[in-house]
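Beneath this line is the structure, given in structure tokens, with notes to follow.
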Amino acid sequence: MQGTNFTVDRTHRWAALVLVVVATTLLVLGIYHGLLQVLYRAGWIRAASFLGLDYYQGLTLHGVVNAIVYTTFFEVAFGYVVITHFLRVPLDARVTSLAVGLMLVGTVMAAVPILLGQASVLYTFYPPLKASPWFYLGASLLVIGSWIPFFQWIAAYLRWRRLHPDRDTPLAVVGMLATFTVWLIATIPLAVEVLVLLLPWSLGWTASVDVVLARTLFWFFGHPLVYFWLLPAYVMYYVMVPPLVGGKLFSDKAARLAFLLFIVFSAPVGLHHQYADPGVSSSYKWLHGIFTFCVAIPSFITAFTVAASLEHGARQNGGQGLFGWWAKLPYLDEQRYLFAYAFPGLVLFLFGGITGIVNASVTMNNVVHNTAWVPGHFHTTLGGPVFLAFLGLSLWMLTELGGKPLRLPRWNVVVPYLWAAGVILFSIGLSVAGILGEPRRTNLALSYSNPESPLFQRHWELWTQLGAVGGVLMTAAMVIYFAVFFSTLLAPAQQVAELRFPTAEPLRHESLGATRNFTPWVVVAIIFLIIAYAPPLVEVLGGNTVPSPPYHPFSPVPLTK
Amino acid sequence: MERNERLILVASGTLMGVFLILLVYSGLGLSVVVPTCVTDVAPFTGGKVEQKGIGQYDVYLVSRMWFFDPGEIRVPPGSDINLYLSSLDVTHGIYIEGTNVNLMAVPGSVNFARVRLEREGVYRIFCHEYCGLGHQNMAGKIVVAREASAVSDANLAPAGR
Ligand code: HEM
Ligand SMILES: [Cu+2]
Ligand SMILES: [Cu+2]
């Protein structure tokens, strides 16, 4: 398939392809239940379960597959491609196989109990709802499997720095190393929660678990998680998009600064998911709220730099006037389809950013917390720029690494626009319903959207239906995507001479100064983490709470032996 | 750094600063209470409503799989309610329609909010955290009515919209 001067070696081509193909296959299930959720909520399906899957079991599947498995698999695959392509330092094939193997085994181990209905605890697995121990074990293996590549990449990076002391680290490498630094910071508290608190408790070795502590550890993980999702999309925007529009990266240094700022600010903010929680003092919540406002800054930098790069490219192609240059972008270019997967994501992120600032605002959060507003928000972030970037880049990896010619190219460029149109309707529907009080994580069909029920809420109906229409459009986009992806997968492979990785040239050469090294930023990140998390953790550990025995979601009687 | 870049940094910093000032105003100026660590009330297992004075109520609300105790709270219009919330089993959450009360009910811990209900009518309380099988049916209500016993719910309009 590939010639010898292909920069990604055989093992890593295979590793990336296996991860991407498995992830996309599982995504079929995740999307299927996304559709069912909007149908249930709008009352088009009025039942507790459909085709053997209970609503909350399916919702667990939807969250775990889409938000955890698909993203992690994709990012490890993309990371391997970026590191091997740009650094050209060989990685040990056995270690890579171990990592991929652990991730696959962990995923199967977690998926089986979900499908058997023994882990209907949603992807946040809040205790004292208890899942099968296999679920916790599988999730841990998946996470540990994803740490291994990062350690390989750090070693490769340090070696590259020694070999090329006077070169600047390629921007894509900075981006992926920042991504996984955020991931490591995030997953340590998660590992503590799962391995120290939940696993022994689900096995019956410990009788009870401190729920406030578990929630605090979970959200210590939960917010940096969203930057783990977002940063690879930023790699695409900074590195791959400018050459696709015929331009250069407006500022290389600003891009690096943005990635490094995410290392600093992505983690000391987790309490913004616990504004409504007891057991944590409001002053700590305010502190995390302020840090959350800081983490908006690198996204503003990104919005500016990416827009400026687009403008520069469009003007190179003859675009003129204050707005005229917008006409010179390759919106529907079948060859440069990665642009189509980038652009609507940027638009969705405008909504995502604004609604995110609302969520972050301690007092305003009272209006939206745990309402339908919240999924309305994150389908414009995770389901917007992040997901679209991952879809596009997965196809790109499949064609480039697998030597497959892209099938259905004309259909392909429609996917991101159709998806974005769907997401906008979906999000408007859910956001307004949320402000009116409609709860998230709820099978509305059985109560609030059932005219027969005493709980029926007529004034939510219109918005819930709008959300369903959006969800149907999103599903339609995904049906086309799967057709493109799998028909390309089944196409016969061709000889490819080299990996075509669109790589932006900086517009100006600047000295990088403090953005050249990771160390100072990681040190500052750790200091901020201690400031933000030591006091609340001391408070939570201080014994103001009574630990809880485990419960099965079907019974109010605790599962004590 | 280029001039426009400096500009965008300053502009975005200023924007977030303005948001922050408005946020602090909403907290202090409008006295929106953010849930905090309650240490003076131990986790409780029974729900109750206590009248503390004229138009002053302490409500102890317990959430359980899959109902609230008390399931219905009755107070006259213009009441100030100190609401204490706990859970007997798993994690639940409440949103009281038309108010800023949005709290998690976490077992082994006590949550708190203060709310003033002016308008007569029914304020629904929705459970908004997944709590198992019956979650979608878990709702309570606060009935705000002048003569606490005589009025039947059927005559009362929803107040929290
Ligand atoms: C056809 C496409 C999709 C539709 C129609 C859809 C629909 C929904 C709906 C209605 C909910 C809220 C359910 C509830 O709270 O009761 C939801 C939750 C969620 N969705 Fe999607 N979704 C889709 C795709 C995605 C994608 C691509 C991702 C991520 C990459 C995603 C991630 C999530 C997550 C993390 C949740 C939260 C689960 C939870 O609350 O436990 N969704 N989705
Ligand atoms: Cu967050
Ligand atoms: Cu509930």
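So you can find residues: chains in the structure tokens are A, B, ... in the order shown, residues in each start at 1, and ligands are numbered from 1 in order.
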Would you give me, as a PDB file with C-alpha atoms, in the first residue's frame, the residues of chain A that come within 7 Å of chain B, using only C-alpha atoms?
ATOM      1  CA  PRO A 128     -24.114   5.382  45.105  1.00  0.00           C
ATOM      2  CA  LEU A 129     -25.637   3.949  41.938  1.00  0.00           C
ATOM      3  CA  TYR A 275     -22.076  24.832  41.716  1.00  0.00           C
ATOM      4  CA  ALA A 276     -25.347  23.185  42.815  1.00  0.00           C
ATOM      5  CA  ASP A 277     -23.645  20.614  45.062  1.00  0.00           C
ATOM      6  CA  PRO A 278     -23.698  20.537  48.857  1.00  0.00           C
ATOM      7  CA  GLY A 279     -20.553  19.883  50.852  1.00  0.00           C
ATOM      8  CA  VAL A 280     -18.323  22.385  49.043  1.00  0.00           C
ATOM      9  CA  SER A 281     -18.019  26.007  50.171  1.00  0.00           C
ATOM     10  CA  SER A 282     -19.292  28.645  47.796  1.00  0.00           C
ATOM     11  CA  PHE A 293     -13.409  32.778  32.760  1.00  0.00           C
ATOM     12  CA  ILE A 297      -9.048  33.533  26.684  1.00  0.00           C
ATOM     13  CA  PHE A 300     -10.669  33.821  21.942  1.00  0.00           C
ATOM     14  CA  ILE A 301      -7.045  33.742  20.719  1.00  0.00           C
ATOM     15  CA  SER A 361     -21.397  32.075  35.630  1.00  0.00           C
ATOM     16  CA  THR A 363     -25.300  32.604  39.718  1.00  0.00           C
ATOM     17  CA  ASN A 366     -28.944  28.210  38.840  1.00  0.00           C
ATOM     18  CA  VAL A 367     -31.275  28.670  35.899  1.00  0.00           C
ATOM     19  CA  HIS A 369     -27.998  23.443  35.775  1.00  0.00           C
ATOM     20  CA  ASN A 370     -29.049  19.891  34.836  1.00  0.00           C
ATOM     21  CA  THR A 371     -31.762  21.098  32.504  1.00  0.00           C
ATOM     22  CA  GLY A 437     -37.310  23.848  33.343  1.00  0.00           C
ATOM     23  CA  PRO A 439     -34.726  18.268  32.961  1.00  0.00           C
ATOM     24  CA  ARG A 440     -31.908  16.495  31.147  1.00  0.00           C
ATOM     25  CA  ARG A 441     -31.264  12.744  31.519  1.00  0.00           C
ATOM     26  CA  THR A 442     -34.968  12.020  31.577  1.00  0.00           C
ATOM     27  CA  ASN A 443     -37.226   9.757  29.542  1.00  0.00           C
ATOM     28  CA  LEU A 444     -39.811  12.482  29.040  1.00  0.00           C
ATOM     29  CA  LEU A 446     -43.392   8.551  30.182  1.00  0.00           C
ATOM     30  CA  SER A 447     -44.313  11.737  31.999  1.00  0.00           C
ATOM     31  CA  ASN A 544     -19.036  16.502  57.112  1.00  0.00           C
ATOM     32  CA  THR A 545     -20.674  13.745  55.111  1.00  0.00           C
ATOM     33  CA  VAL A 546     -22.026  10.269  55.789  1.00  0.00           C
ATOM     34  CA  PRO A 547     -20.779   7.591  53.336  1.00  0.00           C
ATOM     35  CA  SER A 548     -23.319   5.610  51.278  1.00  0.00           C
ATOM     36  CA  PRO A 553     -30.910   1.675  39.744  1.00  0.00           C
ATOM     37  CA  PHE A 554     -34.044  -0.476  39.961  1.00  0.00           C
ATOM     38  CA  PRO A 556     -34.579   1.757  46.699  1.00  0.00           C
TER      39      PRO A 556
END
Let's see if you can do this: from backbone DSSP, list all strand (DSSP E or B) residues in chain B, as a PyMOL selection string. chain B and resi 48-53+56-64+67-69+72-75+79-87+92-96+102-105+107+111-117+121-127+139-144+158
What's the 6 Å shell around Ser309 of chain A, counting only C-alpha atoms, without same-chain residues fewer than 2 positions away, as a list in words?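 Here the answer would be Pro242, Leu249, Phe250, Val306, Ala307, Glu311 and His312 of chain A.
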Atom CA of Arg336 of chain A and atom CA of Phe323 of chain A, how far apart in Å? 22.2 Å
Output the neighbourhood of ligand 2 as a tab-separated table (two decimals) with all heavy atoms, in the first residue's frame, that is, all protein and nucleic acid residues with some atom at most 9 Å from the ligand, counting only C-alpha atoms and all ligand atoms.
chain	number	residue	atom	x	y	z
A	219	TRP	N	-15.32	15.42	38.81
A	219	TRP	CA	-15.31	16.69	38.06
A	219	TRP	C	-13.93	17.33	37.99
A	219	TRP	O	-13.69	18.17	37.12
A	219	TRP	CB	-16.39	17.63	38.58
A	219	TRP	CG	-17.73	17.11	38.15
A	219	TRP	CD1	-18.73	16.64	38.96
A	219	TRP	CD2	-18.19	16.94	36.80
A	219	TRP	NE1	-19.77	16.19	38.18
A	219	TRP	CE2	-19.47	16.35	36.86
A	219	TRP	CE3	-17.64	17.20	35.54
A	219	TRP	CZ2	-20.21	16.04	35.72
A	219	TRP	CZ3	-18.38	16.88	34.40
A	219	TRP	CH2	-19.64	16.32	34.51
A	222	GLY	N	-13.56	15.86	34.93
A	222	GLY	CA	-14.56	16.16	33.92
A	222	GLY	C	-14.35	17.42	33.11
A	222	GLY	O	-14.71	17.48	31.95
A	223	HIS	N	-13.76	18.45	33.72
A	223	HIS	CA	-13.58	19.62	32.87
A	223	HIS	C	-12.34	19.57	31.99
A	223	HIS	O	-12.46	19.83	30.79
A	223	HIS	CB	-13.67	20.95	33.61
A	223	HIS	CG	-13.85	22.04	32.59
A	223	HIS	ND1	-15.07	22.38	32.06
A	223	HIS	CD2	-12.96	22.78	31.91
A	223	HIS	CE1	-14.92	23.29	31.12
A	223	HIS	NE2	-13.65	23.56	31.01
A	224	PRO	N	-11.16	19.21	32.54
A	224	PRO	CA	-10.03	19.05	31.60
A	224	PRO	C	-10.37	18.08	30.47
A	224	PRO	O	-9.89	18.24	29.35
A	224	PRO	CB	-8.89	18.52	32.47
A	224	PRO	CG	-9.42	18.35	33.84
A	224	PRO	CD	-10.73	19.04	33.93
A	225	LEU	N	-11.24	17.11	30.76
A	225	LEU	CA	-11.70	16.20	29.71
A	225	LEU	C	-12.18	16.98	28.48
A	225	LEU	O	-11.91	16.61	27.35
A	225	LEU	CB	-12.84	15.33	30.27
A	225	LEU	CG	-13.61	14.47	29.26
A	225	LEU	CD1	-12.73	13.38	28.71
A	225	LEU	CD2	-14.85	13.85	29.91
A	226	VAL	N	-12.90	18.09	28.70
A	226	VAL	CA	-13.45	18.77	27.53
A	226	VAL	C	-12.35	19.43	26.71
A	226	VAL	O	-12.49	19.59	25.50
A	226	VAL	CB	-14.57	19.79	27.87
A	226	VAL	CG1	-15.58	19.20	28.84
A	226	VAL	CG2	-14.02	21.08	28.40
A	266	SER	N	-6.96	24.48	32.22
A	266	SER	CA	-8.04	23.53	31.95
A	266	SER	C	-8.49	22.78	33.19
A	266	SER	O	-9.61	22.30	33.24
A	266	SER	CB	-7.63	22.55	30.85
A	266	SER	OG	-6.64	21.70	31.35
A	267	ALA	N	-7.63	22.66	34.20
A	267	ALA	CA	-8.01	21.81	35.33
A	267	ALA	C	-8.51	22.52	36.59
A	267	ALA	O	-9.35	21.96	37.29
A	267	ALA	CB	-6.87	20.87	35.68
A	269	VAL	N	-10.75	24.23	37.42
A	269	VAL	CA	-12.06	24.80	37.15
A	269	VAL	C	-13.20	23.83	37.40
A	269	VAL	O	-14.37	24.17	37.22
A	269	VAL	CB	-12.14	25.29	35.68
A	269	VAL	CG1	-11.11	26.37	35.41
A	269	VAL	CG2	-11.93	24.13	34.71
A	270	GLY	N	-12.87	22.59	37.81
A	270	GLY	CA	-13.86	21.52	37.82
A	270	GLY	C	-15.07	21.77	38.70
A	270	GLY	O	-16.16	21.26	38.44
A	271	LEU	N	-14.91	22.62	39.74
A	271	LEU	CA	-16.05	22.85	40.64
A	271	LEU	C	-17.19	23.57	39.93
A	271	LEU	O	-18.29	23.64	40.45
A	271	LEU	CB	-15.62	23.66	41.86
A	271	LEU	CG	-14.80	22.94	42.94
A	271	LEU	CD1	-14.54	23.89	44.10
A	271	LEU	CD2	-15.51	21.69	43.44
A	272	HIS	N	-16.93	24.10	38.72
A	272	HIS	CA	-18.05	24.75	38.03
A	272	HIS	C	-19.12	23.73	37.61
A	272	HIS	O	-20.19	24.12	37.19
A	272	HIS	CB	-17.59	25.64	36.87
A	272	HIS	CG	-17.05	24.95	35.68
A	272	HIS	ND1	-16.07	25.49	34.90
A	272	HIS	CD2	-17.33	23.76	35.12
A	272	HIS	CE1	-15.79	24.67	33.91
A	272	HIS	NE2	-16.54	23.61	34.02
A	273	HIS	N	-18.80	22.44	37.73
A	273	HIS	CA	-19.84	21.43	37.53
A	273	HIS	C	-20.56	21.11	38.82
A	273	HIS	O	-21.49	20.31	38.83
A	273	HIS	CB	-19.23	20.15	36.96
A	273	HIS	CG	-18.68	20.34	35.58
A	273	HIS	ND1	-19.37	20.01	34.45
A	273	HIS	CD2	-17.51	20.86	35.16
A	273	HIS	CE1	-18.65	20.31	33.39
A	273	HIS	NE2	-17.51	20.83	33.78
A	292	THR	N	-12.45	29.69	35.36
A	292	THR	CA	-13.15	29.27	34.15
A	292	THR	C	-13.22	30.42	33.15
A	292	THR	O	-13.11	30.22	31.94
A	292	THR	CB	-14.58	28.80	34.48
A	292	THR	OG1	-14.51	27.84	35.53
A	292	THR	CG2	-15.24	28.16	33.27
A	356	GLY	N	-21.48	28.37	27.02
A	356	GLY	CA	-20.53	27.91	28.03
A	356	GLY	C	-20.26	28.98	29.07
A	356	GLY	O	-20.14	28.69	30.27
A	359	ASN	N	-23.03	28.95	31.49
A	359	ASN	CA	-22.89	27.85	32.46
A	359	ASN	C	-21.86	28.18	33.53
A	359	ASN	O	-22.01	27.81	34.69
A	359	ASN	CB	-22.43	26.56	31.78
A	359	ASN	CG	-23.36	26.11	30.70
A	359	ASN	OD1	-24.49	26.56	30.62
A	359	ASN	ND2	-22.89	25.22	29.85
A	360	ALA	N	-20.78	28.83	33.10
A	360	ALA	CA	-19.68	29.09	34.02
A	360	ALA	C	-20.04	30.15	35.04
A	360	ALA	O	-19.40	30.26	36.08
A	360	ALA	CB	-18.45	29.54	33.23
Would you mind writing down, as a PyMOL selection string, each residue of segment 369-446 of chain A that DSSP on the backbone assigns to alpha helix (DSSP H)? chain A and resi 373-378+387-402+409-435
Distance in Å - atom 33 (C, counted along the ligand's line) of ligand 1 versus atom CA of Ile31 of chain A: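 Computing it gives 9.3 Å between the two atoms.
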Between A:Thr11, A:Val211, A:Val89, A:Gly321, smallest distance to His92 of chain B by only C-alpha atoms belongs to A:Val211
Hey, which residues come within 7 Å of ligand 1 if we count only C-alpha atoms and all ligand atoms? Could you give them as a PyMOL selection string? chain A and resi 31-32+34-35+37-38+59-60+62-63+66-67+122-124+372+375+379+382-383+387+440-443+471-472+474-475+478
Could you state the separation of atom CA of Ala476 of chain A and atom CA of Glu75 of chain A in Å, given to one decimal place?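 Computing the Euclidean distance for atom CA of Ala476 of chain A and atom CA of Glu75 of chain A yields 25.0 Å.
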Can you list, as a PyMOL selection string, every protein, DNA or RNA residue that comes within 9 Å of Ala178 of chain A when you count only C-alpha atoms, leaving out same-chain residues fewer than 3 positions away? chain A and resi 173-175+181-183+228+231+259-260+262-263+518
Filtering to all heavy atoms, could you give me those residues as a tab-separated table (two decimals), in the first residue's frame?
chain	number	residue	atom	x	y	z
A	173	VAL	N	2.87	18.87	16.96
A	173	VAL	CA	3.40	18.07	18.07
A	173	VAL	C	3.12	18.80	19.39
A	173	VAL	O	2.69	18.18	20.38
A	173	VAL	CB	4.91	17.81	17.87
A	173	VAL	CG1	5.50	17.13	19.09
A	173	VAL	CG2	5.14	16.99	16.62
A	174	VAL	N	3.34	20.11	19.40
A	174	VAL	CA	3.01	20.88	20.60
A	174	VAL	C	1.55	20.67	20.96
A	174	VAL	O	1.19	20.41	22.12
A	174	VAL	CB	3.28	22.39	20.37
A	174	VAL	CG1	2.80	23.22	21.55
A	174	VAL	CG2	4.76	22.64	20.13
A	175	GLY	N	0.70	20.72	19.95
A	175	GLY	CA	-0.74	20.57	20.19
A	175	GLY	C	-1.08	19.22	20.77
A	175	GLY	O	-1.83	19.12	21.76
A	181	THR	N	-1.10	16.10	27.87
A	181	THR	CA	-0.76	16.59	29.21
A	181	THR	C	-2.05	16.87	29.97
A	181	THR	O	-2.21	16.49	31.14
A	181	THR	CB	0.08	17.89	29.11
A	181	THR	OG1	1.19	17.64	28.26
A	181	THR	CG2	0.56	18.33	30.47
A	182	VAL	N	-2.99	17.52	29.29
A	182	VAL	CA	-4.28	17.80	29.90
A	182	VAL	C	-4.97	16.47	30.28
A	182	VAL	O	-5.54	16.33	31.37
A	182	VAL	CB	-5.16	18.61	28.92
A	182	VAL	CG1	-6.60	18.68	29.40
A	182	VAL	CG2	-4.59	20.01	28.72
A	183	TRP	N	-4.86	15.49	29.42
A	183	TRP	CA	-5.48	14.18	29.66
A	183	TRP	C	-4.86	13.51	30.89
A	183	TRP	O	-5.57	12.95	31.72
A	183	TRP	CB	-5.29	13.31	28.42
A	183	TRP	CG	-5.86	11.92	28.44
A	183	TRP	CD1	-5.18	10.77	28.26
A	183	TRP	CD2	-7.24	11.54	28.61
A	183	TRP	NE1	-6.03	9.69	28.30
A	183	TRP	CE2	-7.30	10.13	28.52
A	183	TRP	CE3	-8.42	12.24	28.84
A	183	TRP	CZ2	-8.49	9.41	28.64
A	183	TRP	CZ3	-9.60	11.53	28.98
A	183	TRP	CH2	-9.63	10.14	28.87
A	228	PHE	N	-9.34	18.05	26.50
A	228	PHE	CA	-8.77	16.89	25.82
A	228	PHE	C	-9.53	16.66	24.51
A	228	PHE	O	-8.96	16.32	23.49
A	228	PHE	CB	-8.87	15.68	26.75
A	228	PHE	CG	-8.54	14.35	26.10
A	228	PHE	CD1	-7.25	14.04	25.73
A	228	PHE	CD2	-9.54	13.40	25.91
A	228	PHE	CE1	-6.95	12.81	25.15
A	228	PHE	CE2	-9.25	12.17	25.33
A	228	PHE	CZ	-7.95	11.87	24.95
A	231	LEU	N	-8.69	20.15	22.00
A	231	LEU	CA	-7.39	20.55	21.47
A	231	LEU	C	-7.02	19.89	20.13
A	231	LEU	O	-6.44	20.56	19.28
A	231	LEU	CB	-6.28	20.34	22.52
A	231	LEU	CG	-6.40	21.25	23.76
A	231	LEU	CD1	-5.11	21.23	24.56
A	231	LEU	CD2	-6.74	22.67	23.39
A	259	PHE	N	-2.23	26.74	23.21
A	259	PHE	CA	-2.10	25.36	23.71
A	259	PHE	C	-1.54	25.34	25.13
A	259	PHE	O	-2.01	24.59	25.99
A	259	PHE	CB	-1.19	24.54	22.78
A	259	PHE	CG	-1.87	24.13	21.50
A	259	PHE	CD1	-1.33	24.44	20.26
A	259	PHE	CD2	-3.06	23.42	21.54
A	259	PHE	CE1	-1.95	24.05	19.08
A	259	PHE	CE2	-3.70	23.03	20.37
A	259	PHE	CZ	-3.14	23.35	19.14
A	260	LEU	N	-0.53	26.18	25.37
A	260	LEU	CA	0.10	26.15	26.69
A	260	LEU	C	-0.84	26.71	27.76
A	260	LEU	O	-0.87	26.22	28.89
A	260	LEU	CB	1.42	26.92	26.64
A	260	LEU	CG	2.46	26.23	25.74
A	260	LEU	CD1	3.62	27.17	25.42
A	260	LEU	CD2	2.99	24.94	26.38
A	262	PHE	N	-3.96	26.35	27.80
A	262	PHE	CA	-4.91	25.29	28.14
A	262	PHE	C	-4.33	24.35	29.19
A	262	PHE	O	-5.05	23.84	30.04
A	262	PHE	CB	-5.35	24.52	26.90
A	262	PHE	CG	-6.43	25.22	26.14
A	262	PHE	CD1	-6.24	25.64	24.84
A	262	PHE	CD2	-7.66	25.47	26.74
A	262	PHE	CE1	-7.24	26.30	24.14
A	262	PHE	CE2	-8.66	26.13	26.05
A	262	PHE	CZ	-8.46	26.54	24.75
A	263	ILE	N	-3.02	24.11	29.11
A	263	ILE	CA	-2.42	23.25	30.15
A	263	ILE	C	-2.62	23.91	31.51
A	263	ILE	O	-2.94	23.26	32.50
A	263	ILE	CB	-0.92	23.04	29.86
A	263	ILE	CG1	-0.74	22.25	28.57
A	263	ILE	CG2	-0.24	22.33	31.03
A	263	ILE	CD1	0.69	21.95	28.22
A	518	PHE	N	7.72	23.38	27.53
A	518	PHE	CA	6.53	23.00	28.29
A	518	PHE	C	6.69	23.23	29.79
A	518	PHE	O	5.75	23.61	30.48
A	518	PHE	CB	6.22	21.51	28.08
A	518	PHE	CG	5.53	21.22	26.79
A	518	PHE	CD1	6.25	20.86	25.66
A	518	PHE	CD2	4.15	21.30	26.69
A	518	PHE	CE1	5.61	20.59	24.46
A	518	PHE	CE2	3.50	21.04	25.50
A	518	PHE	CZ	4.24	20.68	24.38
Can you work out which one of A:Gly542, A:Pro344, A:Gly324, A:Gly117 has the shortest atom-to-atom distance to Lys130 of chain A, counting only C-alpha atoms?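 Of all the options, A:Gly117 lies closest to Lys130 of chain A.
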Taking into account only C-alpha atoms, which residue in the set A:Gly247, A:Arg516, A:His459, A:Phe485 is nearest to Thr25 of chain A?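 Ranked by minimum distance to Thr25 of chain A, first place goes to A:Phe485.
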